[in-house]
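K.L.:
Let me begin by handing over the structure; questions about it come next.
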Amino acid sequence: MKRALNGWAQGKKTLKLATAFITILSAIAAMSQLARAQDDNEDPPARVARLGYLQGSVSFEPAGENDWVQAVPNRPMTTDDKLWADQNSRAEVQLGSSMIELAPNTGFSFLNLDDRTTQMEITAGAINVRVWSLDRDNVFEIDTPNQAFTVTEPGRYRVEASENGDYSVVTIWQGAGESTGNGQTYTLHAGQRTTFSGTSSLNAEVEQIGSPDDFDRWSESRWSRYDDSPSARYCSRDVVGFDDLDEYGSWRDDPQYGHVWFPRVNADWAPYHEGHWAWIDPWGWTWVDADPWGYAPFHYGRWAFVGNSWGWVPGPVNVYPVYAPALVVFVGGGGLAFGGNVAWFPLGPREVYVPSYRVSQAYVNRVNITNTTVNQTTITNVYNTTIIRNNTNITNVTYVNRNARGAVTAVPQRAFASAQPVQRSAVAVNSRQIASAPISTRAAVPPAQQAVLGIHANTANHVAAPPRAIATRAVVAKAAPPPRPPAFAARQQALAQHPGQPVPRQQLRQMASSAAATAAPLVKRAPPGRPATPTPAPANRSGNPPARNERPGANPPTVRPQPTPQPAPNNRPEPNQPAPNNRPEMNRPQPNRPEQPPARTDRPPSAQPNNRPEPNQPNNRPETNRPQPNRPEQPPARPERPSSVPQNNVPERQPAPNARPENNRAPQPPRNQNPSRPETPSPDNRPQPERPQSRPAPPPQHPSANDQRRPDQRKPDQRKNNEENQKPQ
């Protein structure tokens with residue numbers, strides 16, 4: 001017994017030790033996961049927008065700044081970057097799986113842009129948006145001064161904001177979405193154009209879409225380039241700007257690199273030679289190419305010198321690509337060599353890109369594997385050497401492009417730091433200097449203010465800018481955007497302490513929060529909305545959008561009136577109700593229909609098609625209306641018609657041409673003269689378009705079938721009129 005008790009005590013002690021050991025391992029694992037999560041929080045977004053196309057006068061304001069400069073194509077765009085398309089101007093912003101077209105007089109900005117959120121604002125003007133793919137957990141939101149529109153399906157959309165900010169218009173050609181504002185949420189469908197008016201209260205009116213205007217047709221032509229691009233066979237459609245490759249180069253197969261794209265350029269051309277360097281947080285030094293096709297080949301894939309030409313090798317087609325600011329390495333210790341010049345050359349296939357900004361190992365894996373074919377072990381070794389050990393100089397890697405013709409480009413440090421054009425400021429370097437200089441992962445050069453504004457920094461405050469009322473206008477947002485980034489002046493000192501390395505993202509967020517506490521808020525969070533139903537638009541609205549070719553959004557929501565007379569306001573069909581039975585086209589005689597009874601010559605004037613009855617006067621309603629059971633003056637319902645059959649959709653049987661007058665079954669004029677097209681109620685939230693008034697019926701040759709009823713079934717005034725008409729002439 002004693003031995004058994006000792007064994008039980010020893011087992012209990014062992015169990016406690018095992019439990020404690022497991023607890024320690026769990027704590028270590030939790031700390032490791034927390035550290036990895038913190039590292040992941042430092043990773044920048046994997047996608048960045050591109051300012052792809054400019055027409056006319058388009059201005060740009062970098063994130064955190066208050067200076068408008070002339071916009072330049074291929075500028076990467078991220079959170080808080082702003083655009084203004086002036087009169088007779090247009091612009092295009094590309095996001096890989098979506099495109100945004102800006103109409104004239106449009107103020108546009110990204111409130112938030114990361115891997116799961118695309119949140120933009122329109123303070124005035126109009127944009128057309130095409131969304132090709134949308135993950136279920138992603139947010140795609142377009143905010144205006146009085147509502148927030150959330151795209152819920154891929155499709156084609158148009159969103160407008162009036163010049164004074166009191167109404168917005170959402171048009172859906174394809175797709176679906178929700179508009180939220182002032183505690184109301186409206187579900188919108190394809191084929192609808194919805195106008196949201198008011199700021200303190202949100203009113204919604206829905207109508208059918210009219211014909212596209214010039215801006216719509218231009219947007220479609222831009223989108224068709226993406227749909228029909230042959231380059232989609234060779235690289236992922238999420239590579240921003242891949243469709244530009246079709247026009248400016250050609251694809252060839254290489255036995256060593258596979259599919260390679262060769263641009264049509266001069267013989268002495270080299271990549272990363274025609275453009276400038278800009279400072280864009282949180283990535284730091286970013287290449288902005290000067291060629292119209294110069295986006296995808298400089299932020300994705302790798303360059304290779306094949307034969308006597310430079311060719312671009314894309315990453316795997318079926319892998320989502322990760323954006324990189326510039327896929328290069330720098331020549332010289334710390335990025336400086338050759339008497340204060342800065343030099344670089346492009347990375348080749350299977351070579352590892354090491355970011356100059358703080359990232360996790362998972363990010364280094366993604367940015368390399370998605371842009372080239374590279375060994376995982378090689379990535380890990382380079383990461384441990386350059387990032388973990390904080391050794392930016394690389395000494396044990398052989399780069400294939402280091403000695404390629406024209407691969408190395410060098411500029412003075414001042415030109416590099418101030419976004420000067422590289423092709424104008426480049427300096428010559430010899431091969432001996434290049435061979436003996438070390439390789440670095442970053443350029444240890446602190447940026448100047450001009451690098452933030454870009455190559456057109458000298459145009460600051462000398463370009464067209466939005467009116468102050470538009471530039472400072474607040475918008476309604478459903479998702480909470482991050483605070484506005486701090487200005488360059490607030491982080492310039494920190495950048496000088498670590499040349500060439502951006503301020504860590506966590507520190508940037510702290511600086512942004514401090515600045516946001518003192519700045520006026522430009523976003524109003526929409527309260528949780530209750531489902532609401534938009535009302536049909538007034539009958540005098542044609543469904544075509546207002547004229548916006550010159551100043552989109554500056555016109556009132558009304559459109560040109562129809563030339564035909566309009567019904568009284570009280571006769572407008574209510575939503576979700578069938579169209580009224582007394583529409584003029586229901587009484588129009590159909591040609592070549594011998595069975596149709598001719599119109600009566602003695603019809604009272606109040607029953608003519610062009611003399612619509614006034615509201616609250618049931619005695620003057622045409623006889624085609626459905627009888628009301630509780631009105632004694634209304635003729636009784638026909639006993640032979642089943643009450644369960646809807647009278648609106650079933651045409652009445654026509655009498656034989658030789659029907660005798662003494663027949664008690666007097667046929668009524670049918671409500672639908674075309675049996676093959678029965679009337680249907682208007683769909684929810686989709687008002688029926690106005691139809692022109694019918695022409696007067698031709699003079700009849702004999703009394704109408706409506707007069708075949710017995711005298712006691714007619715109204716007193718009808719009996720009197722019929723007796724007078726039946727007197728011999």
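Ordering of the structure tokens sets the chain letters (A, B, ...); residue numbers start at 1 within each chain; ligands are numbered from 1 in the order shown.
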Which residues in segment 316-494 of chain A does DSSP call helix (DSSP H, G or I)? List them as a count of residues only.

P.N.:
59

K.L.:
Quick one: everything within 10 Å of Asp291 of chain A, counting only C-alpha atoms, minus sequence neighbours fewer than 2 positions away in the same chain. Send it as a ChimeraX atom specification.

P.N.:
/A:73-74,248,274-275,288-289,293-295

K.L.:
So how many Å separate atom CA of Ala474 of chain A and atom CA of Ser97 of chain A, to one decimal?

P.N.:
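Rounded to one decimal, the two atoms are 27.8 Å apart.
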
K.L.:
Pick out each residue of segment 307-349 of chain A that DSSP on the backbone tags as strand (DSSP E or B); I need them as a list in words.

P.N.:
Ser309, Trp310, Gly311, Trp312, Val313, Val328, Val329, Phe330, Val331, Ala337, Asn341, Val342, Ala343, Trp344, Phe345 and Pro346 of chain A

K.L.:
Would you mind exporting the chosen residues as a PDB file, in the first residue's frame, restricted to C-alpha atoms?

P.N.:
ATOM      1  CA  SER A 309      18.459  43.960 -75.956  1.00  0.00           C
ATOM      2  CA  TRP A 310      16.898  44.532 -72.593  1.00  0.00           C
ATOM      3  CA  GLY A 311      13.840  42.425 -71.866  1.00  0.00           C
ATOM      4  CA  TRP A 312      11.400  42.320 -68.964  1.00  0.00           C
ATOM      5  CA  VAL A 313      10.660  38.972 -67.312  1.00  0.00           C
ATOM      6  CA  VAL A 328      17.336  47.691 -58.104  1.00  0.00           C
ATOM      7  CA  VAL A 329      20.492  47.524 -56.000  1.00  0.00           C
ATOM      8  CA  PHE A 330      22.771  50.503 -55.385  1.00  0.00           C
ATOM      9  CA  VAL A 331      26.481  50.705 -56.119  1.00  0.00           C
ATOM     10  CA  ALA A 337      30.340  56.250 -54.599  1.00  0.00           C
ATOM     11  CA  ASN A 341      27.329  60.307 -56.952  1.00  0.00           C
ATOM     12  CA  VAL A 342      24.567  57.757 -56.493  1.00  0.00           C
ATOM     13  CA  ALA A 343      24.523  54.732 -58.813  1.00  0.00           C
ATOM     14  CA  TRP A 344      22.250  51.721 -59.329  1.00  0.00           C
ATOM     15  CA  PHE A 345      21.379  48.906 -61.747  1.00  0.00           C
ATOM     16  CA  PRO A 346      18.335  46.615 -62.178  1.00  0.00           C
TER      17      PRO A 346
END

K.L.:
Could you give me, as JSON lines, a per-residue list for segment 480-543 of chain A showing, wherever an atom lies at most 12 Å from an atom of segment 42-54 of chain A, the closest pair of atoms and their distance in Å to one decimal, using only C-alpha atoms and sorting by chain then residue number from low to high?

P.N.:
{"residue": "A:Pro502", "atom": "CA", "partner": "A:Pro44", "partner_atom": "CA", "distance": 11.3}
{"residue": "A:Val503", "atom": "CA", "partner": "A:Glu42", "partner_atom": "CA", "distance": 10.6}
{"residue": "A:Pro504", "atom": "CA", "partner": "A:Glu42", "partner_atom": "CA", "distance": 7.1}
{"residue": "A:Arg505", "atom": "CA", "partner": "A:Glu42", "partner_atom": "CA", "distance": 5.7}
{"residue": "A:Gln506", "atom": "CA", "partner": "A:Glu42", "partner_atom": "CA", "distance": 7.0}
{"residue": "A:Gln507", "atom": "CA", "partner": "A:Glu42", "partner_atom": "CA", "distance": 10.0}
{"residue": "A:Leu508", "atom": "CA", "partner": "A:Glu42", "partner_atom": "CA", "distance": 10.5}
{"residue": "A:Arg509", "atom": "CA", "partner": "A:Glu42", "partner_atom": "CA", "distance": 10.8}

K.L.:
Could you write those residues out with N, CA, C and O atoms, as a CSV table (one decimal), in the first residue's frame?

P.N.:
chain,number,residue,atom,x,y,z
A,502,PRO,N,12.9,54.9,-44.5
A,502,PRO,CA,11.7,55.6,-44.1
A,502,PRO,C,11.4,55.6,-42.6
A,502,PRO,O,12.0,54.7,-41.9
A,503,VAL,N,10.6,56.5,-42.1
A,503,VAL,CA,10.2,56.4,-40.7
A,503,VAL,C,9.3,55.2,-40.5
A,503,VAL,O,8.5,54.9,-41.3
A,504,PRO,N,9.6,54.4,-39.4
A,504,PRO,CA,8.8,53.2,-39.2
A,504,PRO,C,7.3,53.5,-39.2
A,504,PRO,O,6.9,54.6,-38.8
A,505,ARG,N,6.5,52.6,-39.6
A,505,ARG,CA,5.1,52.8,-39.8
A,505,ARG,C,4.4,53.1,-38.5
A,505,ARG,O,3.5,53.9,-38.4
A,506,GLN,N,4.8,52.4,-37.4
A,506,GLN,CA,4.2,52.7,-36.1
A,506,GLN,C,4.5,54.1,-35.7
A,506,GLN,O,3.6,54.8,-35.1
A,507,GLN,N,5.7,54.6,-35.9
A,507,GLN,CA,6.0,56.0,-35.6
A,507,GLN,C,5.2,57.0,-36.4
A,507,GLN,O,4.8,58.0,-36.0
A,508,LEU,N,5.0,56.6,-37.7
A,508,LEU,CA,4.2,57.5,-38.6
A,508,LEU,C,2.8,57.6,-38.1
A,508,LEU,O,2.2,58.7,-38.1
A,509,ARG,N,2.3,56.5,-37.6
A,509,ARG,CA,0.9,56.5,-37.1
A,509,ARG,C,0.8,57.4,-35.9
A,509,ARG,O,-0.2,58.1,-35.7

K.L.:
Would you mind listing what lies within 12 Å of segment 398-408 of chain A as JSON, numbers by chain, with only C-alpha atoms counted and same-chain residues fewer than 6 positions away left out?

P.N.:
{"A": [267, 268, 269, 270, 271, 272, 273, 302, 303, 304, 305, 306, 307, 308, 309, 310, 311, 328, 329, 330, 331, 332, 342, 343, 344, 345, 346, 347, 348, 349, 350, 351, 352, 353, 426, 427, 428, 429, 430, 431, 432, 433, 434, 435, 436, 437, 438, 439]}

K.L.:
May I have the residues within 12 Å of Ala479 of chain A as a list in words, using only C-alpha atoms and disregarding those fewer than 5 positions away in the same chain?

P.N.:
Leu111, Asn112, Leu113, Arg116, Thr117, Thr118, Gln119, Met120, Glu121, Asn138, Val139, Phe140, Glu141, Ile142, Asp143, Gln147, Ala148, Phe149, Thr150, Thr180, Val523, Lys524, Arg525, Ala526, Pro527 and Pro528 of chain A

K.L.:
Find the spatial neighbours of Ala451 of chain A, counting only C-alpha atoms, within a cut-off of 9 Å - ignore same-chain residues fewer than 2 positions away - and output them as a ChimeraX atom specification.

P.N.:
/A:277-280,285,416-420,447-449,453-455,457

K.L.:
Could the residues in this selection be saved with N, CA and C atoms as a PDB file, in the first residue's frame?

P.N.:
ATOM      1  N   TRP A 277      13.661  59.898 -59.250  1.00  0.00           N
ATOM      2  CA  TRP A 277      13.436  59.263 -57.952  1.00  0.00           C
ATOM      3  C   TRP A 277      12.585  60.183 -57.089  1.00  0.00           C
ATOM      4  N   ALA A 278      11.528  59.636 -56.506  1.00  0.00           N
ATOM      5  CA  ALA A 278      10.637  60.376 -55.607  1.00  0.00           C
ATOM      6  C   ALA A 278      10.609  59.679 -54.250  1.00  0.00           C
ATOM      7  N   TRP A 279      10.305  60.450 -53.215  1.00  0.00           N
ATOM      8  CA  TRP A 279      10.205  59.879 -51.869  1.00  0.00           C
ATOM      9  C   TRP A 279       8.729  59.706 -51.525  1.00  0.00           C
ATOM     10  N   ILE A 280       8.316  58.445 -51.364  1.00  0.00           N
ATOM     11  CA  ILE A 280       6.919  58.117 -51.080  1.00  0.00           C
ATOM     12  C   ILE A 280       6.890  57.190 -49.876  1.00  0.00           C
ATOM     13  N   TRP A 285      12.549  55.672 -51.207  1.00  0.00           N
ATOM     14  CA  TRP A 285      12.939  56.012 -52.568  1.00  0.00           C
ATOM     15  C   TRP A 285      12.195  55.142 -53.573  1.00  0.00           C
ATOM     16  N   PHE A 416      19.735  63.419 -57.270  1.00  0.00           N
ATOM     17  CA  PHE A 416      18.983  62.263 -56.790  1.00  0.00           C
ATOM     18  C   PHE A 416      17.996  62.675 -55.701  1.00  0.00           C
ATOM     19  N   ALA A 417      18.435  63.492 -54.743  1.00  0.00           N
ATOM     20  CA  ALA A 417      17.615  63.847 -53.583  1.00  0.00           C
ATOM     21  C   ALA A 417      16.505  64.830 -53.908  1.00  0.00           C
ATOM     22  N   SER A 418      16.591  65.521 -55.050  1.00  0.00           N
ATOM     23  CA  SER A 418      15.598  66.551 -55.373  1.00  0.00           C
ATOM     24  C   SER A 418      14.744  66.196 -56.580  1.00  0.00           C
ATOM     25  N   ALA A 419      14.676  64.908 -56.949  1.00  0.00           N
ATOM     26  CA  ALA A 419      13.785  64.418 -58.009  1.00  0.00           C
ATOM     27  C   ALA A 419      14.091  65.037 -59.360  1.00  0.00           C
ATOM     28  N   GLN A 420      15.377  65.234 -59.665  1.00  0.00           N
ATOM     29  CA  GLN A 420      15.748  65.767 -60.977  1.00  0.00           C
ATOM     30  C   GLN A 420      15.673  64.660 -62.028  1.00  0.00           C
ATOM     31  N   PRO A 447      15.977  62.565 -48.193  1.00  0.00           N
ATOM     32  CA  PRO A 447      15.234  63.268 -49.253  1.00  0.00           C
ATOM     33  C   PRO A 447      15.093  64.750 -48.954  1.00  0.00           C
ATOM     34  N   ALA A 448      14.956  65.530 -50.014  1.00  0.00           N
ATOM     35  CA  ALA A 448      14.614  66.939 -49.912  1.00  0.00           C
ATOM     36  C   ALA A 448      13.116  67.101 -50.139  1.00  0.00           C
ATOM     37  N   GLN A 449      12.598  68.305 -49.895  1.00  0.00           N
ATOM     38  CA  GLN A 449      11.181  68.574 -50.092  1.00  0.00           C
ATOM     39  C   GLN A 449      10.758  68.312 -51.538  1.00  0.00           C
ATOM     40  N   LEU A 453       7.406  66.138 -53.607  1.00  0.00           N
ATOM     41  CA  LEU A 453       6.500  66.708 -54.611  1.00  0.00           C
ATOM     42  C   LEU A 453       6.708  66.101 -55.989  1.00  0.00           C
ATOM     43  N   GLY A 454       7.883  65.606 -56.280  1.00  0.00           N
ATOM     44  CA  GLY A 454       8.134  64.965 -57.557  1.00  0.00           C
ATOM     45  C   GLY A 454       8.849  65.867 -58.539  1.00  0.00           C
ATOM     46  N   ILE A 455       8.891  65.409 -59.775  1.00  0.00           N
ATOM     47  CA  ILE A 455       9.681  66.078 -60.801  1.00  0.00           C
ATOM     48  C   ILE A 455       9.163  67.479 -61.124  1.00  0.00           C
ATOM     49  N   ALA A 457       8.139  69.734 -58.937  1.00  0.00           N
ATOM     50  CA  ALA A 457       8.080  70.479 -57.675  1.00  0.00           C
ATOM     51  C   ALA A 457       8.111  71.981 -57.903  1.00  0.00           C
TER      52      ALA A 457
END

K.L.:
Identify which of the residues A:Ala126, A:Leu522, A:Ala494, A:Leu83 lies closest to Pro104 of chain A, counting only C-alpha atoms when measuring atom-to-atom distances.

P.N.:
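Closest residue, counting only C-alpha atoms: A:Ala126.
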
K.L.:
Select, from A:Asn105, A:Ser224, A:Thr378, A:Gln493, the residue with the minimum atom-to-atom distance to Val397 of chain A, counting only C-alpha atoms.

P.N.:
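Closest candidate: A:Thr378.
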
K.L.:
With a distance cut-off of 8 Å and only C-alpha atoms, select the neighbouring residues of Thr106 of chain A, excluding the residue or stretch itself and same-chain residues fewer than 3 positions from it, and output the selection as a list in words.

P.N.:
Trp84, Ala85, Asp86, Leu102, Ala103, Ile122, Thr123, Ala124, Gly125, Ala126, Ile127 and Pro552 of chain A

K.L.:
For the residues in the current selection, export N, CA, C and O atoms as a PDB file, in the first residue's frame.

P.N.:
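Dumped everything to again-v9.pdb:
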ATOM      1  N   TRP A  84      -6.801  66.563 -58.851  1.00  0.00           N
ATOM      2  CA  TRP A  84      -7.810  67.522 -59.325  1.00  0.00           C
ATOM      3  C   TRP A  84      -7.719  67.580 -60.844  1.00  0.00           C
ATOM      4  O   TRP A  84      -6.697  67.982 -61.408  1.00  0.00           O
ATOM      5  N   ALA A  85      -8.788  67.156 -61.524  1.00  0.00           N
ATOM      6  CA  ALA A  85      -8.895  67.271 -62.975  1.00  0.00           C
ATOM      7  C   ALA A  85      -9.656  68.551 -63.280  1.00  0.00           C
ATOM      8  O   ALA A  85     -10.834  68.680 -62.928  1.00  0.00           O
ATOM      9  N   ASP A  86      -8.999  69.485 -63.928  1.00  0.00           N
ATOM     10  CA  ASP A  86      -9.589  70.803 -64.172  1.00  0.00           C
ATOM     11  C   ASP A  86     -10.526  70.753 -65.370  1.00  0.00           C
ATOM     12  O   ASP A  86     -10.843  69.675 -65.887  1.00  0.00           O
ATOM     13  N   LEU A 102     -11.555  59.849 -64.107  1.00  0.00           N
ATOM     14  CA  LEU A 102     -11.965  61.137 -63.560  1.00  0.00           C
ATOM     15  C   LEU A 102     -12.464  62.031 -64.682  1.00  0.00           C
ATOM     16  O   LEU A 102     -11.780  62.211 -65.705  1.00  0.00           O
ATOM     17  N   ALA A 103     -13.645  62.610 -64.500  1.00  0.00           N
ATOM     18  CA  ALA A 103     -14.215  63.560 -65.447  1.00  0.00           C
ATOM     19  C   ALA A 103     -13.677  64.958 -65.152  1.00  0.00           C
ATOM     20  O   ALA A 103     -13.022  65.186 -64.121  1.00  0.00           O
ATOM     21  N   ILE A 122     -14.914  61.663 -53.376  1.00  0.00           N
ATOM     22  CA  ILE A 122     -15.146  62.642 -54.441  1.00  0.00           C
ATOM     23  C   ILE A 122     -15.765  63.860 -53.776  1.00  0.00           C
ATOM     24  O   ILE A 122     -16.882  63.801 -53.261  1.00  0.00           O
ATOM     25  N   THR A 123     -15.045  64.955 -53.768  1.00  0.00           N
ATOM     26  CA  THR A 123     -15.583  66.179 -53.192  1.00  0.00           C
ATOM     27  C   THR A 123     -16.421  66.956 -54.190  1.00  0.00           C
ATOM     28  O   THR A 123     -17.257  67.768 -53.794  1.00  0.00           O
ATOM     29  N   ALA A 124     -16.221  66.716 -55.482  1.00  0.00           N
ATOM     30  CA  ALA A 124     -17.033  67.315 -56.547  1.00  0.00           C
ATOM     31  C   ALA A 124     -16.681  66.595 -57.838  1.00  0.00           C
ATOM     32  O   ALA A 124     -15.592  66.019 -57.971  1.00  0.00           O
ATOM     33  N   GLY A 125     -17.597  66.620 -58.806  1.00  0.00           N
ATOM     34  CA  GLY A 125     -17.329  66.038 -60.110  1.00  0.00           C
ATOM     35  C   GLY A 125     -17.897  64.654 -60.276  1.00  0.00           C
ATOM     36  O   GLY A 125     -18.905  64.295 -59.652  1.00  0.00           O
ATOM     37  N   ALA A 126     -17.254  63.845 -61.111  1.00  0.00           N
ATOM     38  CA  ALA A 126     -17.773  62.517 -61.436  1.00  0.00           C
ATOM     39  C   ALA A 126     -16.621  61.572 -61.743  1.00  0.00           C
ATOM     40  O   ALA A 126     -15.586  61.978 -62.281  1.00  0.00           O
ATOM     41  N   ILE A 127     -16.809  60.315 -61.397  1.00  0.00           N
ATOM     42  CA  ILE A 127     -15.859  59.259 -61.735  1.00  0.00           C
ATOM     43  C   ILE A 127     -16.626  58.065 -62.286  1.00  0.00           C
ATOM     44  O   ILE A 127     -17.780  57.821 -61.916  1.00  0.00           O
ATOM     45  N   PRO A 552     -18.851  68.258 -64.801  1.00  0.00           N
ATOM     46  CA  PRO A 552     -19.645  67.193 -64.177  1.00  0.00           C
ATOM     47  C   PRO A 552     -19.977  67.540 -62.740  1.00  0.00           C
ATOM     48  O   PRO A 552     -19.143  68.018 -61.979  1.00  0.00           O
TER      49      PRO A 552
END

K.L.:
Of the candidates A:Asn365, A:Ser109, A:Gln87, A:Asn318, which one gets nearest to Thr144 of chain A if we count only C-alpha atoms?

P.N.:
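Closest candidate: A:Ser109.
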
K.L.:
For a quick check of understanding, using only C-alpha atoms, which of A:Ala410, A:Pro76, A:Ser201, A:Gln208 has the smallest distance to Ala326 of chain A?

P.N.:
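Counting only C-alpha atoms, the residue closest to Ala326 of chain A is A:Pro76.
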
K.L.:
State, in Å with one decimal place, the distance from atom CA of Thr199 of chain A to atom CA of Gly183 of chain A.

P.N.:
11.7 Å
